[in-house]
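A.B. asks: This is the structure I want to talk about, given as structure tokens.
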Amino acid sequence: MNPAKRDHKITIENPVSASDEMGGRSKTWETVCVAWVEFKKPRTQTGLVQGGVAAVVTQEMTMPYNDAVVVGCRVSYGNRQFDVIGVGNNDRRYMTLICEEVVRHAG
């Protein structure tokens, strides 16, 4: 892996359940790490999500290995949010995240 290709800085967050003042639970996000990743070519499909038209983007990201990054984490990149739906370990140096971004369209 060429480190020069890892040119996108992301923040990886893990969901944390917290109690609120009303006796319920809410989900907050805790930063796991900040990493430089290589984005592979994305795959996009359009479909109905919750009764509305949406584009679903599947994005692969290669990053240095971190065993704290698991399925269920979230990736923040600028103002975009990706859900981690798969984690592949290339070796003990690098890993590939399979991420999904759902972009809903009005109307």
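In the structure tokens, chains take the letters A, B, ... in the order shown, each chain's residues start at 1, and ligands count up from 1 in the order shown.
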Quick one: residues within 8 Å of region 28-41 of chain A, only C-alpha atoms counted, chain neighbours fewer than 4 positions away excluded, as a ChimeraX atom specification?
C.D. replies: /A:5-18,59-64,68-69
A.B. asks: Could you pull the residues within 8 Å of Ala55 (chain A), counting only C-alpha atoms, minus those fewer than 2 positions along the same chain, as a tab-separated table (two decimals) with all heavy atoms, in the first residue's frame?
C.D. replies:
```
chain	number	residue	atom	x	y	z
A	44	THR	N	-22.77	3.35	-6.59
A	44	THR	CA	-23.99	4.07	-6.27
A	44	THR	C	-25.19	3.37	-6.88
A	44	THR	O	-25.13	2.88	-8.00
A	44	THR	CB	-23.93	5.51	-6.83
A	44	THR	OG1	-22.75	6.15	-6.34
A	44	THR	CG2	-25.13	6.33	-6.41
A	45	GLN	N	-26.27	3.32	-6.10
A	45	GLN	CA	-27.54	2.81	-6.61
A	45	GLN	C	-28.65	3.68	-6.07
A	45	GLN	O	-28.51	4.33	-5.03
A	45	GLN	CB	-27.74	1.35	-6.24
A	45	GLN	CG	-27.71	1.06	-4.76
A	45	GLN	CD	-27.80	-0.43	-4.49
A	45	GLN	OE1	-28.22	-1.20	-5.34
A	45	GLN	NE2	-27.42	-0.84	-3.30
A	46	THR	N	-29.77	3.73	-6.79
A	46	THR	CA	-30.91	4.52	-6.39
A	46	THR	C	-32.05	3.59	-6.04
A	46	THR	O	-32.25	2.57	-6.69
A	46	THR	CB	-31.35	5.47	-7.53
A	46	THR	OG1	-30.21	6.26	-7.91
A	46	THR	CG2	-32.45	6.39	-7.11
A	47	GLY	N	-32.79	3.95	-5.00
A	47	GLY	CA	-33.91	3.12	-4.60
A	47	GLY	C	-34.83	3.86	-3.66
A	47	GLY	O	-34.61	5.03	-3.34
A	53	VAL	N	-37.25	8.59	-2.46
A	53	VAL	CA	-36.14	8.25	-3.35
A	53	VAL	C	-34.83	8.62	-2.67
A	53	VAL	O	-34.69	9.69	-2.08
A	53	VAL	CB	-36.28	8.99	-4.70
A	53	VAL	CG1	-35.09	8.71	-5.60
A	53	VAL	CG2	-37.57	8.62	-5.38
A	57	VAL	N	-24.77	5.11	-1.51
A	57	VAL	CA	-23.38	5.08	-1.96
A	57	VAL	C	-22.62	4.10	-1.09
A	57	VAL	O	-22.63	4.21	0.14
A	57	VAL	CB	-22.74	6.48	-1.87
A	57	VAL	CG1	-21.29	6.43	-2.31
A	57	VAL	CG2	-23.52	7.49	-2.68
A	102	VAL	N	-26.40	7.03	2.82
A	102	VAL	CA	-27.73	7.16	2.22
A	102	VAL	C	-28.03	8.64	2.07
A	102	VAL	O	-28.01	9.38	3.06
A	102	VAL	CB	-28.82	6.47	3.07
A	102	VAL	CG1	-30.19	6.68	2.45
A	102	VAL	CG2	-28.52	4.99	3.23
A	103	VAL	N	-28.28	9.07	0.84
A	103	VAL	CA	-28.59	10.46	0.55
A	103	VAL	C	-30.04	10.53	0.09
A	103	VAL	O	-30.39	10.01	-0.97
A	103	VAL	CB	-27.66	11.03	-0.57
A	103	VAL	CG1	-27.99	12.49	-0.84
A	103	VAL	CG2	-26.21	10.87	-0.17
A	104	ARG	N	-30.89	11.11	0.94
A	104	ARG	CA	-32.32	11.21	0.63
A	104	ARG	C	-32.59	12.44	-0.21
A	104	ARG	O	-32.02	13.49	0.03
A	104	ARG	CB	-33.14	11.24	1.92
A	104	ARG	CG	-33.11	9.90	2.62
A	104	ARG	CD	-33.75	9.96	3.99
A	104	ARG	NE	-33.78	8.65	4.62
A	104	ARG	CZ	-32.76	8.05	5.18
A	104	ARG	NH1	-31.58	8.62	5.17
A	104	ARG	NH2	-32.88	6.86	5.74
A	105	HIS	N	-33.51	12.29	-1.17
A	105	HIS	CA	-33.88	13.38	-2.04
A	105	HIS	C	-35.30	13.82	-1.72
A	105	HIS	O	-36.18	12.99	-1.50
A	105	HIS	CB	-33.78	12.97	-3.52
A	105	HIS	CG	-32.40	12.53	-3.90
A	105	HIS	ND1	-31.37	13.41	-4.09
A	105	HIS	CD2	-31.87	11.29	-4.08
A	105	HIS	CE1	-30.27	12.74	-4.40
A	105	HIS	NE2	-30.55	11.45	-4.40
```
A.B. asks: For Ser76 (chain A), which residue out of A:Arg92, A:Lys27, A:Cys99, A:Thr58 is the nearest one, using only C-alpha atoms?
C.D. replies: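 Closest to Ser76 (chain A), using only C-alpha atoms: A:Cys99.
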A.B. asks: Which of chain A counts as strand (DSSP E) under DSSP, as a PyMOL selection string please?
C.D. replies: chain A and resi 8-19+25-39+43-49+52-64+74-77+80-89+94-104
A.B. asks: Could you state the separation of CA of Gln50 (chain A) and CA of Thr96 (chain A) in Å, given to one decimal place?
C.D. replies: 28.8 Å
A.B. asks: In Å, with one decimal, what is the gap from CA of Ile98 (chain A) to CA of Gly86 (chain A)?
C.D. replies: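 It comes out at 4.7 Å.
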